[in-house]
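Structure file input_9.pdb (PDB, C-alpha atoms) is printed below.
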```pdb
ATOM      1  CA  MET A   1     155.207 139.567 101.296
ATOM      2  CA  LYS A   2     157.669 139.157 104.129
ATOM      3  CA  PRO A   3     161.281 140.116 103.478
ATOM      4  CA  SER A   4     162.453 137.166 101.481
ATOM      5  CA  ASN A   5     164.398 136.598  98.347
ATOM      6  CA  GLU A   6     161.709 134.739  96.394
ATOM      7  CA  LEU A   7     161.148 137.715  94.116
ATOM      8  CA  PHE A   8     164.908 138.038  93.641
ATOM      9  CA  LYS A   9     165.183 134.348  92.720
ATOM     10  CA  LEU A  10     162.305 134.662  90.257
ATOM     11  CA  ILE A  11     163.809 137.704  88.541
ATOM     12  CA  LYS A  12     167.255 136.114  88.344
ATOM     13  CA  SER A  13     165.795 132.912  86.888
ATOM     14  CA  LEU A  14     164.203 134.736  83.950
ATOM     15  CA  THR A  15     165.897 134.511  80.588
ATOM     16  CA  LYS A  16     166.825 137.632  78.668
ATOM     17  CA  SER A  17     163.833 137.236  76.351
ATOM     18  CA  GLU A  18     161.431 136.692  79.271
ATOM     19  CA  LYS A  19     162.685 139.895  80.919
ATOM     20  CA  ARG A  20     162.278 141.761  77.635
ATOM     21  CA  PHE A  21     158.740 140.440  77.150
ATOM     22  CA  PHE A  22     157.801 141.427  80.699
ATOM     23  CA  LYS A  23     159.116 144.962  80.225
ATOM     24  CA  LEU A  24     157.430 145.375  76.845
ATOM     25  CA  SER A  25     154.087 144.115  78.122
ATOM     26  CA  SER A  26     154.370 146.365  81.171
ATOM     27  CA  ALA A  27     155.113 149.379  78.985
ATOM     28  CA  LEU A  28     151.603 149.084  77.561
ATOM     29  CA  GLN A  29     150.171 150.070  80.946
ATOM     30  CA  ALA A  30     149.428 153.722  81.654
ATOM     31  CA  GLY A  31     150.647 155.662  84.654
ATOM     32  CA  ASP A  32     153.680 155.476  86.898
ATOM     33  CA  LEU A  33     154.954 151.906  86.948
ATOM     34  CA  ASN A  34     156.564 151.568  90.349
ATOM     35  CA  TYR A  35     156.945 147.829  89.987
ATOM     36  CA  LEU A  36     159.233 148.349  86.979
ATOM     37  CA  LYS A  37     161.507 150.517  89.109
ATOM     38  CA  ILE A  38     161.669 147.715  91.682
ATOM     39  CA  PHE A  39     162.209 145.128  88.931
ATOM     40  CA  ASP A  40     165.123 147.068  87.441
ATOM     41  CA  TYR A  41     166.724 147.628  90.834
ATOM     42  CA  ILE A  42     166.467 143.991  91.912
ATOM     43  CA  GLU A  43     167.684 142.825  88.508
ATOM     44  CA  GLY A  44     170.854 144.860  89.025
ATOM     45  CA  GLN A  45     171.637 143.330  92.425
ATOM     46  CA  ASP A  46     174.057 140.440  92.822
ATOM     47  CA  GLN A  47     172.574 139.467  96.189
ATOM     48  CA  TYR A  48     169.190 140.497  97.478
ATOM     49  CA  ASP A  49     169.407 143.385  99.926
ATOM     50  CA  GLU A  50     166.056 144.839 100.925
ATOM     51  CA  ASN A  51     167.651 147.595 103.001
ATOM     52  CA  SER A  52     169.469 148.975  99.964
ATOM     53  CA  LEU A  53     166.217 148.733  97.998
ATOM     54  CA  LYS A  54     164.452 150.794 100.649
ATOM     55  CA  ALA A  55     167.320 153.292 100.743
ATOM     56  CA  ALA A  56     167.336 153.676  96.954
ATOM     57  CA  PHE A  57     163.645 154.570  96.878
ATOM     58  CA  ALA A  58     163.412 156.387 100.209
ATOM     59  CA  ASP A  59     162.001 159.504  98.519
ATOM     60  CA  GLU A  60     159.284 157.589  96.669
ATOM     61  CA  VAL A  61     155.756 157.304  98.051
ATOM     62  CA  PHE A  62     155.351 153.642  97.087
ATOM     63  CA  ILE A  63     158.129 152.531  99.457
ATOM     64  CA  LYS A  64     155.610 152.720 102.317
ATOM     65  CA  HIS A  65     153.780 149.866 100.610
ATOM     66  CA  LEU A  66     156.822 147.880  99.537
ATOM     67  CA  PRO A  67     155.447 144.456 100.515
ATOM     68  CA  SER A  68     152.327 144.921  98.408
ATOM     69  CA  GLU A  69     154.379 146.360  95.516
ATOM     70  CA  LYS A  70     156.695 143.344  95.618
ATOM     71  CA  ASN A  71     153.723 140.993  95.721
ATOM     72  CA  HIS A  72     152.155 142.802  92.767
ATOM     73  CA  LEU A  73     155.417 142.549  90.815
ATOM     74  CA  TYR A  74     155.732 138.845  91.635
ATOM     75  CA  ARG A  75     152.218 138.129  90.375
ATOM     76  CA  LEU A  76     152.715 140.203  87.207
ATOM     77  CA  ILE A  77     155.908 138.324  86.356
ATOM     78  CA  LEU A  78     154.151 134.986  86.801
ATOM     79  CA  LYS A  79     151.238 136.243  84.697
ATOM     80  CA  SER A  80     153.568 137.286  81.880
ATOM     81  CA  LEU A  81     155.181 133.843  81.917
ATOM     82  CA  ARG A  82     151.788 132.188  81.407
ATOM     83  CA  VAL A  83     151.090 134.093  78.179
TER      84      VAL A  83
END
```

Please, can you express the file's structure as structure tokens?
Amino acid sequence: MKPSNELFKLIKSLTKSEKRFFKLSSALQAGDLNYLKIFDYIEGQDQYDENSLKAAFADEVFIKHLPSEKNHLYRLILKSLRV
């Protein structure tokens, strides 16, 4: 996923109950949920800033694969909306 704000727009368009459902359904998954960290960070932004996102998670291993992590998050959000 190229640096764009499509994920940001999707997250900001979710209602409070949709965000809650997404987080609850994601909590059922085992392991380290990197996409939830990204979700929470983007949700807290007023304007999308990918550089601050990269800086916030500079110590994390998954930041090397940020485009695929963002794409995974995008698809999971859409999947949760279909349920």

Excluding same-chain residues fewer than 6 positions from Leu33 of chain A, what lies within 12 Å of it counting all atoms listed in the file, as a ChimeraX atom specification?
-> /A:23,25-27,39-40,62,69,72-73,76

With C-alpha atoms retained, write the just-selected residues as a PDB file, in the coordinates of the input.
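Just written: again_2.pdb:
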```pdb
ATOM      1  CA  LYS A  23     159.116 144.962  80.225  1.00  0.00           C
ATOM      2  CA  SER A  25     154.087 144.115  78.122  1.00  0.00           C
ATOM      3  CA  SER A  26     154.370 146.365  81.171  1.00  0.00           C
ATOM      4  CA  ALA A  27     155.113 149.379  78.985  1.00  0.00           C
ATOM      5  CA  PHE A  39     162.209 145.128  88.931  1.00  0.00           C
ATOM      6  CA  ASP A  40     165.123 147.068  87.441  1.00  0.00           C
ATOM      7  CA  PHE A  62     155.351 153.642  97.087  1.00  0.00           C
ATOM      8  CA  GLU A  69     154.379 146.360  95.516  1.00  0.00           C
ATOM      9  CA  HIS A  72     152.155 142.802  92.767  1.00  0.00           C
ATOM     10  CA  LEU A  73     155.417 142.549  90.815  1.00  0.00           C
ATOM     11  CA  LEU A  76     152.715 140.203  87.207  1.00  0.00           C
TER      12      LEU A  76
END
```

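Between atom CA of Ile63 of chain A and atom CA of Ile38 of chain A the separation is 9.8 Å.
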
Where does the PyMOL selection byres ((chain A and resi 42-52) around 7) land in this file, that is, which residues does it pick, as a list in words?
->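 Expected selection for the PyMOL selection byres ((chain A and resi 42-52) around 7) here is Asn5, Phe8, Ile11, Lys12, Ile38, Phe39, Asp40, Tyr41, Leu53, Lys54, Ala55 and Ala56 of chain A.
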
For atom CA of Lys79 of chain A and atom CA of Ala30 of chain A, quote the distance in Å rounded to one decimal.
->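 Straight-line distance from atom CA of Lys79 of chain A to atom CA of Ala30 of chain A works out to 17.8 Å.
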
Nearest to Val61 of chain A among A:Glu18, A:Leu10, A:Asp32, A:Ser4, with distances taken over all atoms listed in the file: which residue is it?
->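 Distance minimum relative to Val61 of chain A lands on A:Asp32.
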
At what distance in Å, to one decimal, does atom CA of Ser68 of chain A lie from atom CA of Leu28 of chain A?
->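 Spanning atom CA of Leu28 of chain A to atom CA of Ser68 of chain A is a straight-line distance of 21.3 Å.
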
Find the residue from A:Val83, A:Lys9, A:Arg20, A:Lys70 that sits nearest to Lys37 of chain A; use only C-alpha atoms when measuring.
->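 Answer, going by the shortest atom-to-atom distance: A:Lys70.
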
Selected residue of minimal separation from Arg75 of chain A among A:Leu24, A:Phe57, A:Leu7, A:Leu14, counting all atoms listed in the file =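 Of A:Leu24, A:Phe57, A:Leu7, A:Leu14, the one nearest Arg75 of chain A, counting all atoms listed in the file, is A:Leu7.
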
Looking at A:Phe21, A:Leu81, A:Tyr74, A:Lys64, which one is nearest to Tyr35 of chain A, with distances taken over all atoms listed in the file?
->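 Closest candidate: A:Tyr74.
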
Edge lengths and centre in Å to one decimal, as JSON, of the axis-aligned box that encloses all listed atoms of segment 77-81 of chain A with 6 Å added on every side?
```
{"center_x": 153.6, "center_y": 136.1, "center_z": 84.3, "size_x": 16.7, "size_y": 16.5, "size_z": 16.9}
```
